[in-house]
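Colleague: What follows is the file my_file13.cif, containing mmCIF, C-alpha atoms:
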```cif
data_work
loop_
_atom_site.label_atom_id
_atom_site.label_comp_id
_atom_site.auth_asym_id
_atom_site.auth_seq_id
_atom_site.Cartn_x
_atom_site.Cartn_y
_atom_site.Cartn_z
CA MET X 1 84.09 90.89 104.78
CA SER X 2 83.62 87.25 105.79
CA GLY X 3 83.39 87.98 109.50
CA LEU X 4 81.43 91.19 109.09
CA SER X 5 78.83 89.60 106.83
CA PHE X 6 78.38 86.77 109.36
CA ALA X 7 77.88 89.41 112.06
CA TRP X 8 75.44 91.30 109.83
CA HIS X 9 73.25 88.23 109.33
CA ALA X 10 73.38 87.52 113.07
CA ALA X 11 72.39 91.10 113.92
CA ARG X 12 69.57 91.00 111.41
CA SER X 13 68.28 87.93 113.26
CA GLY X 14 68.16 89.82 116.54
CA ARG X 15 71.53 88.79 117.99
CA LYS X 16 74.14 91.23 119.31
CA PRO X 17 77.42 90.07 117.75
CA LEU X 18 80.85 91.19 118.92
CA VAL X 19 83.49 91.39 116.15
CA LEU X 20 87.07 90.95 117.34
CA GLU X 21 89.46 92.31 114.70
CA GLY X 22 93.16 91.64 115.15
CA ALA X 23 94.25 94.51 112.89
CA ASP X 24 93.76 98.22 113.51
CA ARG X 25 91.07 98.44 110.80
CA VAL X 26 88.11 96.31 109.76
CA GLY X 27 87.62 94.99 106.24
CA GLY X 28 90.46 92.55 105.59
CA CYS X 29 90.95 92.26 101.82
CA LEU X 30 88.45 95.07 101.23
CA ASP X 31 91.08 97.75 101.73
CA SER X 32 90.29 101.18 100.24
CA ARG X 33 93.08 103.66 100.86
CA ARG X 34 92.21 107.36 101.05
CA ALA X 35 94.04 110.66 100.79
CA ALA X 36 93.20 113.58 103.07
CA ASP X 37 91.04 115.19 100.38
CA GLY X 38 88.97 112.01 99.84
CA TYR X 39 90.72 110.56 96.79
CA TRP X 40 90.67 106.77 97.14
CA TYR X 41 91.86 103.59 95.47
CA GLU X 42 91.80 99.87 96.22
CA LEU X 43 94.85 98.16 97.67
CA GLY X 44 92.98 94.86 98.02
CA ALA X 45 89.88 93.52 96.26
CA HIS X 46 88.79 95.93 93.57
CA THR X 47 85.82 94.76 91.47
CA CYS X 48 82.31 93.41 92.05
CA TYR X 49 79.80 92.02 89.57
CA ASN X 50 76.03 91.83 89.30
CA SER X 51 76.31 88.09 89.91
CA TYR X 52 77.35 88.82 93.53
CA SER X 53 73.86 88.36 94.95
CA ALA X 54 74.88 87.66 98.56
CA PHE X 55 77.20 90.67 98.60
CA LEU X 56 74.51 92.88 97.05
CA GLU X 57 72.10 91.73 99.75
CA VAL X 58 74.46 93.22 102.33
CA VAL X 59 75.12 96.36 100.28
CA GLU X 60 71.40 97.03 100.00
CA GLY X 61 70.78 95.99 103.60
CA VAL X 62 73.13 98.66 104.94
CA GLY X 63 71.62 101.31 102.68
CA LEU X 64 74.38 101.66 100.10
CA ARG X 65 72.49 100.77 96.92
CA ASP X 66 72.71 104.39 95.75
CA ARG X 67 76.52 104.34 96.19
CA ILE X 68 77.03 101.67 93.50
CA VAL X 69 78.99 103.11 90.57
CA ALA X 70 79.72 101.49 87.22
CA ARG X 71 83.33 101.00 86.24
CA GLY X 72 84.17 102.97 83.09
CA ASP X 73 85.61 102.08 79.69
CA ALA X 74 89.13 101.47 81.03
CA ARG X 75 87.84 98.22 82.55
CA LYS X 76 87.88 96.75 79.02
CA ARG X 77 91.61 97.39 78.48
CA PHE X 78 94.60 95.70 80.03
CA ALA X 79 98.29 95.35 79.28
CA PHE X 80 100.76 92.48 78.96
CA LEU X 81 104.36 93.29 79.84
CA ARG X 82 106.98 91.06 78.24
CA ASP X 83 110.71 91.79 77.88
CA GLY X 84 110.11 95.46 78.63
CA ALA X 85 107.49 95.88 75.89
CA LEU X 86 103.91 96.81 76.75
CA ASP X 87 101.18 95.12 74.72
CA MET X 88 97.75 96.72 75.10
CA LEU X 89 94.94 94.15 74.90
CA GLY X 90 91.21 93.67 75.20
CA PRO X 91 89.08 90.61 76.02
CA ILE X 92 89.16 89.43 72.38
CA SER X 93 92.61 90.57 71.25
CA VAL X 94 94.33 88.51 73.96
CA LEU X 95 93.29 85.42 71.99
CA LEU X 96 95.37 86.67 69.07
CA ARG X 97 98.52 86.35 71.18
CA PHE X 98 98.19 82.55 71.11
CA ASP X 99 100.11 80.55 68.56
CA ARG X 100 97.20 79.71 66.25
CA ARG X 101 98.49 76.38 65.04
CA GLU X 102 99.03 75.11 68.56
CA LEU X 103 95.59 76.41 69.55
CA LEU X 104 93.86 74.68 66.63
CA ARG X 105 95.64 71.40 67.38
CA ASN X 106 94.31 71.36 70.93
CA VAL X 107 91.15 73.39 71.38
CA LEU X 108 88.41 71.00 70.21
CA ARG X 109 89.81 67.96 72.02
CA GLY X 110 90.67 70.04 75.08
CA LEU X 111 87.20 71.53 75.47
CA ARG X 112 85.68 68.05 75.40
CA ALA X 113 87.90 66.89 78.27
CA SER X 114 86.40 66.84 81.76
CA LYS X 115 87.59 69.35 84.34
CA GLN X 116 86.84 66.89 87.13
CA GLY X 117 90.08 65.75 88.75
CA ALA X 118 92.14 68.10 86.57
CA THR X 119 94.42 70.92 87.64
CA THR X 120 94.24 74.40 86.17
CA CYS X 121 97.48 73.80 84.28
CA GLY X 122 96.42 70.35 83.07
CA TRP X 123 93.01 71.37 81.73
CA TYR X 124 93.83 74.76 80.23
CA SER X 125 97.05 73.45 78.68
CA GLY X 126 94.92 70.82 77.00
CA VAL X 127 92.69 73.53 75.53
CA VAL X 128 95.24 76.11 74.30
CA GLY X 129 98.44 74.02 74.18
CA LYS X 130 101.28 73.87 76.68
CA ARG X 131 103.32 76.66 75.13
CA ASN X 132 100.34 78.99 74.80
CA TYR X 133 99.45 78.27 78.39
CA SER X 134 102.90 79.02 79.81
CA ARG X 135 103.61 82.06 77.60
CA VAL X 136 100.23 83.81 77.68
CA LEU X 137 97.45 82.27 79.74
CA ALA X 138 99.29 81.26 82.94
CA PRO X 139 100.44 84.81 83.80
CA PHE X 140 96.87 86.12 83.47
CA LEU X 141 95.40 83.31 85.56
CA SER X 142 98.09 83.68 88.23
CA ALA X 143 97.42 87.42 88.40
CA VAL X 144 93.95 86.73 89.84
CA PRO X 145 95.12 85.32 93.22
CA SER X 146 98.70 86.69 92.99
CA GLN X 147 100.32 83.26 93.05
CA ASN X 148 101.07 80.34 90.76
CA VAL X 149 97.77 78.61 89.99
CA ASP X 150 99.05 75.58 88.06
CA GLY X 151 98.00 73.20 90.84
CA PHE X 152 94.61 74.77 91.58
CA PRO X 153 91.57 72.57 90.86
CA ALA X 154 90.18 73.29 87.40
CA THR X 155 86.60 73.13 88.70
CA GLY X 156 84.66 72.98 91.95
CA PRO X 157 85.74 74.41 95.32
CA GLY X 158 88.99 76.34 95.06
CA SER X 159 88.77 76.87 91.30
CA LEU X 160 89.19 80.32 89.79
CA PHE X 161 85.96 80.77 87.85
CA LYS X 162 82.30 80.13 88.59
CA LYS X 163 79.04 80.84 86.80
CA ARG X 164 76.42 82.66 88.83
CA PRO X 165 73.02 84.15 87.95
CA ARG X 166 73.22 87.85 87.18
CA ARG X 167 70.96 90.61 88.48
CA LYS X 168 69.68 92.66 85.55
CA ASP X 169 68.89 95.66 87.77
CA VAL X 170 72.57 96.20 88.67
CA VAL X 171 75.41 97.19 86.33
CA LYS X 172 77.60 94.26 85.35
CA SER X 173 80.90 95.53 86.79
CA PHE X 174 80.86 97.96 89.70
CA THR X 175 82.42 99.34 92.82
CA LEU X 176 81.13 101.80 95.40
CA ASP X 177 81.60 105.54 95.61
CA GLY X 178 84.35 105.86 98.19
CA GLY X 179 85.65 102.32 97.65
CA LEU X 180 84.62 98.86 98.73
CA ALA X 181 85.65 99.57 102.32
CA THR X 182 82.52 101.74 102.43
CA VAL X 183 80.60 98.48 102.76
CA THR X 184 82.65 97.04 105.61
CA ALA X 185 82.51 100.35 107.49
CA ALA X 186 78.72 100.43 107.12
CA VAL X 187 78.38 96.84 108.32
CA ALA X 188 80.60 97.55 111.35
CA ALA X 189 78.34 100.53 112.18
CA THR X 190 75.15 98.48 111.96
CA PRO X 191 73.04 98.80 115.14
CA GLY X 192 73.56 95.75 117.33
CA ILE X 193 77.10 95.03 116.06
CA GLU X 194 79.99 95.89 118.36
CA THR X 195 83.45 95.97 116.80
CA ARG X 196 86.80 96.00 118.57
CA THR X 197 89.95 96.57 116.53
CA SER X 198 93.52 95.69 117.60
CA ALA X 199 92.02 92.75 119.50
CA PRO X 200 93.85 89.61 118.29
CA VAL X 201 92.56 86.27 119.56
CA LYS X 202 94.94 83.59 120.84
CA GLU X 203 92.73 80.57 121.55
CA VAL X 204 89.19 79.22 121.33
CA ARG X 205 88.17 76.57 123.88
CA ARG X 206 84.98 74.63 124.45
CA ILE X 207 83.20 75.10 127.80
CA GLY X 208 80.17 72.85 127.91
CA PRO X 209 77.74 73.91 125.18
CA ALA X 210 79.47 77.30 124.74
CA TYR X 211 82.96 78.63 123.95
CA ARG X 212 85.64 80.69 125.65
CA VAL X 213 87.73 83.07 123.54
CA ARG X 214 91.10 84.17 124.96
CA LEU X 215 92.56 87.40 123.61
CA ALA X 216 96.22 88.39 123.33
CA ASP X 217 95.85 90.78 126.26
CA GLY X 218 94.85 87.87 128.50
CA SER X 219 91.17 88.75 128.74
CA GLU X 220 88.52 86.11 128.05
CA ILE X 221 85.02 86.23 126.57
CA GLU X 222 82.38 83.49 126.73
CA ALA X 223 79.76 83.14 124.01
CA PRO X 224 77.21 80.56 122.85
CA VAL X 225 78.34 80.99 119.22
CA VAL X 226 81.80 81.67 117.78
CA ALA X 227 82.68 82.29 114.13
CA LEU X 228 86.26 82.33 112.89
CA ALA X 229 86.92 84.45 109.80
CA VAL X 230 90.69 84.04 109.62
CA PRO X 231 93.13 82.18 107.33
CA PRO X 232 92.93 78.39 107.75
CA SER X 233 96.40 78.19 109.28
CA MET X 234 95.35 80.67 111.96
CA ALA X 235 92.04 78.89 112.53
CA ALA X 236 93.98 75.65 113.03
CA ALA X 237 96.19 77.29 115.66
CA LEU X 238 93.21 78.77 117.54
CA LEU X 239 91.31 75.45 117.63
CA ARG X 240 94.17 73.02 118.22
CA SER X 241 93.55 72.39 121.94
CA ASP X 242 89.91 71.28 121.87
CA PHE X 243 89.38 70.56 118.16
CA PRO X 244 92.55 68.72 117.08
CA ASP X 245 90.96 66.82 114.20
CA LEU X 246 89.35 69.94 112.79
CA ALA X 247 92.64 71.81 113.18
CA GLY X 248 94.37 69.02 111.28
CA GLU X 249 92.03 69.38 108.31
CA LEU X 250 92.44 73.15 108.29
CA ALA X 251 96.22 72.77 108.33
CA ARG X 252 96.02 70.80 105.07
CA ILE X 253 95.07 73.97 103.16
CA GLY X 254 98.18 75.68 101.82
CA MET X 255 98.70 79.43 101.93
CA ALA X 256 100.59 81.97 99.84
CA ALA X 257 101.68 85.46 100.83
CA THR X 258 101.62 88.56 98.67
CA GLU X 259 103.15 91.94 99.47
CA SER X 260 101.21 94.80 97.91
CA VAL X 261 102.40 98.37 97.39
CA GLY X 262 100.05 101.11 96.21
CA VAL X 263 101.12 104.46 94.82
CA VAL X 264 99.30 107.65 93.83
CA VAL X 265 100.87 109.76 91.08
CA ARG X 266 99.90 112.98 89.32
CA ARG X 267 98.15 112.14 86.05
CA GLU X 268 100.53 114.13 83.84
CA LYS X 269 103.54 112.21 85.16
CA VAL X 270 102.38 108.78 83.93
CA LYS X 271 102.56 108.03 80.22
CA LEU X 272 100.94 104.58 80.40
CA PRO X 273 97.58 104.34 78.60
CA GLU X 274 94.55 104.02 80.85
CA MET X 275 93.77 100.38 81.64
CA ALA X 276 92.19 98.16 84.28
CA PHE X 277 95.29 96.14 85.07
CA LEU X 278 98.77 95.16 83.90
CA VAL X 279 100.12 91.59 83.90
CA PRO X 280 103.82 90.77 83.40
CA ALA X 281 105.02 87.61 81.69
CA ASP X 282 107.72 87.07 84.34
CA ASP X 283 108.57 89.76 86.83
CA LEU X 284 108.93 90.73 90.48
CA PHE X 285 105.18 91.31 90.68
CA TRP X 286 102.10 89.29 89.74
CA SER X 287 99.94 92.17 88.60
CA ALA X 288 99.24 95.87 88.91
CA VAL X 289 95.63 97.01 89.30
CA THR X 290 94.67 100.60 88.53
CA ARG X 291 92.05 103.16 89.57
CA ASP X 292 91.61 104.07 85.86
CA PRO X 293 88.09 102.57 85.47
CA LEU X 294 87.00 105.41 87.79
CA PRO X 295 89.14 108.20 86.36
CA ASP X 296 90.17 111.27 88.33
CA PRO X 297 91.13 114.49 86.52
CA SER X 298 94.40 114.96 88.38
CA ARG X 299 95.66 111.64 89.77
CA ARG X 300 96.11 107.98 88.96
CA ALA X 301 96.65 105.14 91.43
CA PHE X 302 98.25 101.70 91.02
CA ALA X 303 98.31 98.70 93.36
CA PHE X 304 101.26 96.38 92.60
CA HIS X 305 101.03 92.86 94.02
CA PHE X 306 104.57 91.56 94.53
CA ARG X 307 106.18 88.22 95.09
CA THR X 308 107.58 87.91 98.61
CA GLY X 309 111.19 88.34 99.70
CA LEU X 310 111.90 91.74 98.12
CA THR X 311 113.11 94.84 99.90
CA ASP X 312 110.89 97.90 99.94
CA GLU X 313 113.47 99.74 97.85
CA LYS X 314 113.35 97.08 95.12
CA ARG X 315 109.56 97.19 95.05
CA ARG X 316 109.46 100.98 94.84
CA ALA X 317 112.15 101.05 92.17
CA ARG X 318 110.30 98.51 90.01
CA ILE X 319 107.04 100.46 90.32
CA ALA X 320 108.79 103.67 89.22
CA GLU X 321 110.40 101.85 86.30
CA VAL X 322 107.13 100.34 85.06
CA LEU X 323 105.25 103.64 85.40
CA GLY X 324 108.09 105.64 83.88
CA VAL X 325 108.26 108.07 86.79
CA ALA X 326 110.69 108.96 89.58
CA GLN X 327 110.11 107.67 93.07
CA SER X 328 109.87 111.30 94.16
CA ASP X 329 106.69 111.48 92.03
CA PHE X 330 104.85 109.16 94.43
CA GLU X 331 102.38 111.38 96.27
CA GLN X 332 101.21 108.52 98.49
CA VAL X 333 102.63 105.05 99.18
CA ASP X 334 100.67 102.32 101.01
CA ARG X 335 101.57 98.74 101.85
CA ARG X 336 99.82 95.55 102.95
CA MET X 337 100.60 91.87 103.37
CA THR X 338 97.95 89.39 102.30
CA LEU X 339 97.67 85.67 102.98
CA LEU X 340 95.59 83.77 100.43
CA PRO X 341 94.73 80.06 100.21
CA SER X 342 96.45 77.81 97.68
CA PRO X 343 93.91 75.03 97.01
CA VAL X 344 95.03 71.82 95.31
CA LEU X 345 93.30 68.69 94.05
CA GLY X 346 91.44 67.11 96.95
CA HIS X 347 90.41 70.50 98.34
CA ASP X 348 86.76 69.51 97.94
CA ARG X 349 87.29 66.45 100.15
CA THR X 350 88.99 68.57 102.81
CA LEU X 351 85.98 70.89 102.88
CA VAL X 352 83.59 67.96 103.21
CA GLU X 353 85.54 66.80 106.27
CA ILE X 354 85.57 70.29 107.77
CA ASP X 355 81.82 70.67 107.36
CA ARG X 356 81.24 67.17 108.76
CA MET X 357 83.17 68.10 111.90
CA LEU X 358 81.23 71.36 112.25
CA ASP X 359 77.88 69.57 112.04
CA GLY X 360 76.02 70.09 115.32
CA GLU X 361 78.56 72.65 116.57
CA ARG X 362 77.74 76.27 117.24
CA LEU X 363 81.19 77.02 115.90
CA ALA X 364 81.32 78.55 112.40
CA LEU X 365 84.20 78.80 109.94
CA THR X 366 84.12 81.27 107.10
CA GLY X 367 86.55 82.95 104.75
CA ASN X 368 88.04 82.78 101.28
CA TYR X 369 89.25 79.17 101.50
CA PHE X 370 85.96 77.39 100.89
CA GLU X 371 84.35 77.74 97.45
CA GLY X 372 86.76 80.39 96.20
CA LEU X 373 88.59 83.68 96.64
CA ALA X 374 85.90 86.05 95.33
CA ILE X 375 84.09 88.45 97.65
CA GLU X 376 80.87 86.64 96.76
CA ASP X 377 82.31 83.26 97.80
CA CYS X 378 83.14 84.71 101.22
CA VAL X 379 79.75 86.30 101.79
CA GLN X 380 77.87 83.21 100.61
CA ARG X 381 79.86 81.05 103.02
CA SER X 382 79.06 83.43 105.90
CA ARG X 383 75.37 83.47 105.03
CA GLY X 384 75.31 79.69 104.89
CA GLU X 385 77.16 79.31 108.18
CA TRP X 386 74.77 81.69 109.95
CA ALA X 387 71.80 79.75 108.55
CA ARG X 388 73.32 76.52 109.90
CA ILE X 389 73.86 78.04 113.36
CA ALA X 390 70.42 79.68 113.44
CA ALA X 391 68.76 76.36 112.58
CA GLN X 392 70.12 74.91 115.84
CA SER X 393 68.45 77.58 118.00
#
```
Please re-express this file's structure in structure tokens.
Modeller:
Amino acid sequence: MSGLSFAWHAARSGRKPLVLEGADRVGGCLDSRRAADGYWYELGAHTCYNSYSAFLEVVEGVGLRDRIVARGDARKRFAFLRDGALDMLGPISVLLRFDRRELLRNVLRGLRASKQGATTCGWYSGVVGKRNYSRVLAPFLSAVPSQNVDGFPATGPGSLFKKRPRRKDVVKSFTLDGGLATVTAAVAATPGIETRTSAPVKEVRRIGPAYRVRLADGSEIEAPVVALAVPPSMAAALLRSDFPDLAGELARIGMAATESVGVVVRREKVKLPEMAFLVPADDLFWSAVTRDPLPDPSRRAFAFHFRTGLTDEKRRARIAEVLGVAQSDFEQVDRRMTLLPSPVLGHDRTLVEIDRMLDGERLALTGNYFEGLAIEDCVQRSRGEWARIAAQS
């Protein structure tokens, strides 16, 4: 979505962008998987909110406003899995799982403490208490980016949560009929945008005031503007030859991998209550996200986000065990590997340096490693980068 939204803004300004996608499909983390009869579920990002103004600008711009659908009542329910027992919760009842005495000892002093210069673990532990944090809160926070978030900044760039103005004319929590990949497909089909899939890039070089992009097949393309919407480690590798200092800053941003497995099962086979997601206290997986907020009369779908290093058989077996079904009950099985940034304290300073080095360049960097991981963070970065490039014309 980062690269496509940059291309969409460029096309809207009269340019003719070429999108080079290394994979065999566009969309990146917006990954809606579909059955032959049209049933779909999300294997990647799964929820949008009416505070996503930059994303909604694109949705409306490609004519998909009427495809927005509200997520149903199951969005309000989630489950906590500890020692094999499933605890059904809601936004308020999760607070009751804290040790109250520890919470009361810490909450007032903790809320007064500044988040500036604090890690996620340091600040939230100060609010709810160390034991409450490790037993209850940490698993839920880590489920968001499918990795340990203890070292994430508590506020600012790279932090988990941000306040944004909400649009009152859009439902609070939504997706799109057909899945979020409906948006990326529509952007890729926008007049003026050319998209090539299975076209990985190997290097970006400077040639005078323009750039030369070398692809894996040996072909080269010259362009006056280049935008990289790839993980920071990959951006560093592509830019190393002519932008060594910029590559060095990009290489400072850590990354974490997650292996996701999605399954579709007949509704009558699964005994789990309907819910938005399931979080384990300590398990092989970080979270399992469901299709339940958009219920289907005959099927349910679950996307399990696993820690790395497991065999496919172990992942499938754990999914079957959690769902209480046999592996033979899986009607559809999908897989993906995702690389996500792991920001730490000082991430804001790294971004300042990156933007300083980009100043005056017609080279743009966008993605989920700037302000945050949310779809909105990505699209806002792309919109800002296009505005910076356009101002130089």
Colleague: If the PyMOL selection byres ((chain X and resi 242-247) around 9) is run on the structure shown, which residues does it catch, given as a PyMOL selection string?
Modeller: chain X and resi 204-206+232-233+235-241+248-252+353-354+357-358
Colleague: Show which residues sit within 6 Å of segment 138-150 of chain X, as a list of chain:residue names. Count only C-alpha atoms, and ignore same-chain residues fewer than 3 positions away.
Modeller: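 The residues that qualify are X:Thr120, X:Cys121, X:Tyr133, X:Ser134, X:Ala281, X:Trp286, X:Ser287.
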Colleague: Quick one: everything within 9 Å of Asp292 of chain X, counting all atoms listed in the file, minus sequence neighbours fewer than 4 positions away in the same chain. Send it as a PyMOL selection string.
Modeller: chain X and resi 71-75+274-277+296+300-302
Colleague: So which one's closest to Thr175 of chain X, X:Val107, X:Val187, X:Leu86, X:Val59? Using only C-alpha atoms, please.
Modeller: X:Val59
Colleague: Tell me which residues the PyMOL selection byres ((chain X and resi 215) around 7) grabs here, as a compact mmCIF listing (two decimals) with C-alpha atoms, in the frame of the given file.
Modeller:
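That gives us expr-v5.txt:
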```txt
# COMPACT_ATOMS: atom_id res chain seq x y z
CA ALA X 199 92.02 92.75 119.50
CA PRO X 200 93.85 89.61 118.29
CA VAL X 201 92.56 86.27 119.56
CA LYS X 202 94.94 83.59 120.84
CA VAL X 213 87.73 83.07 123.54
CA ARG X 214 91.10 84.17 124.96
CA ALA X 216 96.22 88.39 123.33
CA ASP X 217 95.85 90.78 126.26
CA GLY X 218 94.85 87.87 128.50
CA SER X 219 91.17 88.75 128.74
CA GLU X 220 88.52 86.11 128.05
```
Colleague: Give me the result of the PyMOL selection byres ((chain X and resi 35) around 12) on this file, residue by residue, as a list of chain:residue names.
Modeller: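 Against this file, the PyMOL selection byres ((chain X and resi 35) around 12) returns the residues X:Ser32, X:Arg33, X:Arg34, X:Ala36, X:Asp37, X:Gly38, X:Tyr39, X:Trp40, X:Tyr41, X:Glu42, X:Gly178, X:Val263, X:Val264, X:Val265, X:Arg299, X:Ala301, X:Glu331, X:Gln332, X:Val333, X:Asp334.
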